[in-house]
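Enquirer: Pasting a structure here, questions to come.
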Amino acid sequence: MSARLTVFVCFLILASAGGVLAAIYLTEPEAEQVTATKKSAMLVEVITAERGSFRPKIEAVGTVRPVREVQLSPRIAGQVVGRAAAFEPGGFVRVGEELVTIDPADFENVLAQRLAELHQAEADLSVEMGRQKVAEKDYALLDQELPEEQRALVLRAPQLATARAQVEAAEAAVAQAELDLQRTKIVAPFDALILERHVDLGSQLSRGEAVGRLVGLDTYWVVATVPRAQLRWLQIPSAPGQAASPATVRDAAAWPPGVRREARVDRVIGELDAGTRLARVLVAVEDPLAQNSTDAAAPRLMIGAFVEVSIEGREVSNVVRLDRAYLRKEDTVWVHEDGVLRVRPVEVAFRDAQYVYLEAGLEAGEEVVITDLSTFVDGAALRIRSRDGEPLEESSQ
């Protein structure tokens, strides 16, 4: 092959390669930027609203106080010669049980003296009555009418009246001496728990000196504080025997979890608490020390304890009850409506510690969104989560 032919072949090969490269370059597709936005619906859980009648729970705290409390003191002076074994702090005593005995010797002597004086006065009265009969006979023999004043003197009426007055005074003195003798025994005025004892055998008591402090066993009060606006929801009896709001009391610091005592609203103190400006309600707990309970493990209330009180309020009718967590800002509720979120304003009739009771703004059968959303907008698309976690429906916009 000649040199000229070799050059021509090489040129032809190079030209063909250049043509192929040019064709590839001219026919290469151009990349284009495509802008696409896919709207994703939020996955939420819902509950169905139901209307009905409910009794809200009014939660409060309070302090246990005795209904009956007395500071025992003697009405006479003397030395203590006897003390009941149960008369100790923490002891229980029954009504009429003798707690302290004061030496009765002096009072027995006084009673004997007063009885002798009474007998003497009665004898003097008998003598004077005999003298009056003699005077009446003498007046009859006189056979003349005297003025009333002179007639009374002749018949010894003043002397008879004096004798009778002396008998009455002696009887009163005997009664007083008997009372003083009875008062040498200091007894329990009611079934009681002994909180304090201030005397012992040999103590010299003066009239009015403190002997001990007792509280009744039948009922304790819990002085609970509630907002004034909630008083209208309580059923407060205005007379004994009338219906009252039921309640429960719990001492969280001392009782096992879930243990409560039954109680009832007794009355409202007509003065606000000076510190909190809240109304004070007296909640009565019967048999607070479980003295009459057949359950040996029944919890007991302790005076001065700080306890929780739950009071059942009056019935709220034709309302929707929702958990407080589902009421959003500015009294609104999130509602699932046709696959989108609607922010619905509502009217609240009452709020307790757990629920809100809605008068208007939400109807029975509507679906309330209970999922907390960090960002939301009215009209946002929603997907509903089923109980097994899978979405039931999906809406997109």
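Chain identifiers are assigned as A, B, and so on, following the order in which chains appear in the structure tokens; residues are numbered from 1 within each chain, and ligands are numbered from 1 in order of appearance.
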List every residue of stretch 75-194 of chain A that DSSP, applied to the backbone of this structure, places in alpha helix (DSSP H), and write the result as number ranges by chain.

Expert: A: 105-142, 148-154, 157-182

Enquirer: Within 12 Å of A:Leu327, counting only C-alpha atoms, which residues qualify if same-chain residues fewer than 5 places away don't, as a VMD selection string?

Expert: chain A and resid 320 to 322 332 to 335 343 to 348 351 354 to 358 361 to 362 368 to 372

Enquirer: Which of stretch 82-331 of chain A end up as strand (DSSP E) when DSSP is run on this backbone - answer as a count of residues only?

Expert: 70

Enquirer: Rank nothing, just name the residue among A:Val259, A:Ala353, A:Ala86, A:Ala15 nearest to A:Asp323, using only C-alpha atoms.

Expert: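 Of A:Val259, A:Ala353, A:Ala86, A:Ala15, the one nearest A:Asp323, counting only C-alpha atoms, is A:Ala353.
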
Enquirer: Restrict the calculation to only C-alpha atoms, then for each residue of stretch 130-226 of chain A with any atom at most 8 Å from an atom of stretch 99-119 of chain A give the closest atom pair and their distance in Å to one decimal, rows by chain and rising residue number, as JSON lines.

Expert:
```
{"residue": "A:Val167", "atom": "CA", "partner": "A:Leu118", "partner_atom": "CA", "distance": 6.1}
{"residue": "A:Ala170", "atom": "CA", "partner": "A:Leu118", "partner_atom": "CA", "distance": 4.6}
{"residue": "A:Glu171", "atom": "CA", "partner": "A:Leu118", "partner_atom": "CA", "distance": 6.1}
{"residue": "A:Ala173", "atom": "CA", "partner": "A:Arg114", "partner_atom": "CA", "distance": 6.0}
{"residue": "A:Val174", "atom": "CA", "partner": "A:Arg114", "partner_atom": "CA", "distance": 5.1}
{"residue": "A:Ala177", "atom": "CA", "partner": "A:Leu111", "partner_atom": "CA", "distance": 4.9}
{"residue": "A:Glu178", "atom": "CA", "partner": "A:Leu111", "partner_atom": "CA", "distance": 6.4}
{"residue": "A:Asp180", "atom": "CA", "partner": "A:Phe107", "partner_atom": "CA", "distance": 6.6}
{"residue": "A:Leu181", "atom": "CA", "partner": "A:Phe107", "partner_atom": "CA", "distance": 5.3}
{"residue": "A:Thr184", "atom": "CA", "partner": "A:Ile102", "partner_atom": "CA", "distance": 4.6}
{"residue": "A:Lys185", "atom": "CA", "partner": "A:Thr101", "partner_atom": "CA", "distance": 4.6}
{"residue": "A:Ile186", "atom": "CA", "partner": "A:Val100", "partner_atom": "CA", "distance": 5.1}
{"residue": "A:Val187", "atom": "CA", "partner": "A:Leu99", "partner_atom": "CA", "distance": 5.3}
{"residue": "A:Ala188", "atom": "CA", "partner": "A:Leu99", "partner_atom": "CA", "distance": 6.7}
```

Enquirer: With distances taken over only C-alpha atoms, which of A:Ala77, A:Val316, A:Val134, A:Ala17 is nearest to A:Arg183?

Expert: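 Once distances to A:Arg183 are computed over only C-alpha atoms, the minimum belongs to A:Ala77.
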
Enquirer: Quick one, how far is atom CA of A:Leu195 from atom CA of A:Arg68?

Expert: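 According to the coordinates, atom CA of A:Leu195 and atom CA of A:Arg68 are separated by 12.5 Å.
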
Enquirer: Separation of atom CA of A:Gln176 and atom CA of A:Val93, in Å?

Expert: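 Interatomic distance here is 28.0 Å.
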
Enquirer: Hey, which of A:Thr48, A:Ser245, A:Leu234, A:Gly270 ends up closest to A:Glu337? Count only C-alpha atoms.

Expert: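 Checking each candidate against A:Glu337, we get A:Thr48 as the closest.
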
Enquirer: Nearest residue to A:Ile47 out of A:Ala380, A:Ala140, A:Ala161, A:Ala364, using only C-alpha atoms?

Expert: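 Of A:Ala380, A:Ala140, A:Ala161, A:Ala364, the one nearest A:Ile47 is A:Ala364, counting only C-alpha atoms.
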
Enquirer: Leaving out stretch 296-303 of chain A and any residue of its chain fewer than 2 positions from it, which residues lie within 6 Å of it when counting only C-alpha atoms, given as a PyMOL selection string?

Expert: chain A and resi 64-65+288-289+305

Enquirer: Kindly save the residues from that selection, with C-alpha atoms included, as a PDB file, in the first residue's frame.

Expert:
```pdb
ATOM      1  CA  VAL A  64     -59.442  17.520 109.645  1.00  0.00           C
ATOM      2  CA  ARG A  65     -61.152  19.108 112.659  1.00  0.00           C
ATOM      3  CA  PRO A 288     -63.892   8.885 111.669  1.00  0.00           C
ATOM      4  CA  LEU A 289     -61.886   6.469 113.838  1.00  0.00           C
ATOM      5  CA  ALA A 305     -54.228  15.984 108.869  1.00  0.00           C
TER       6      ALA A 305
END
```

Enquirer: Which is closer to A:Ala192 than all the others in A:Leu160, A:Ile13, A:Leu43, A:Val70, using only C-alpha atoms?

Expert: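 The closest residue to A:Ala192 is A:Val70.
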
Enquirer: Can you tell me how far atom CA of A:Gln230 sits from atom CA of A:Asp251, in Å to one decimal?

Expert: 22.9 Å

Enquirer: Choose the residue, out of A:Ala121, A:Ala210, A:Ala49, A:Met42, that has the smallest atom-to-atom separation from A:Ser73; count only C-alpha atoms.

Expert: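 Closest residue, counting only C-alpha atoms: A:Ala210.
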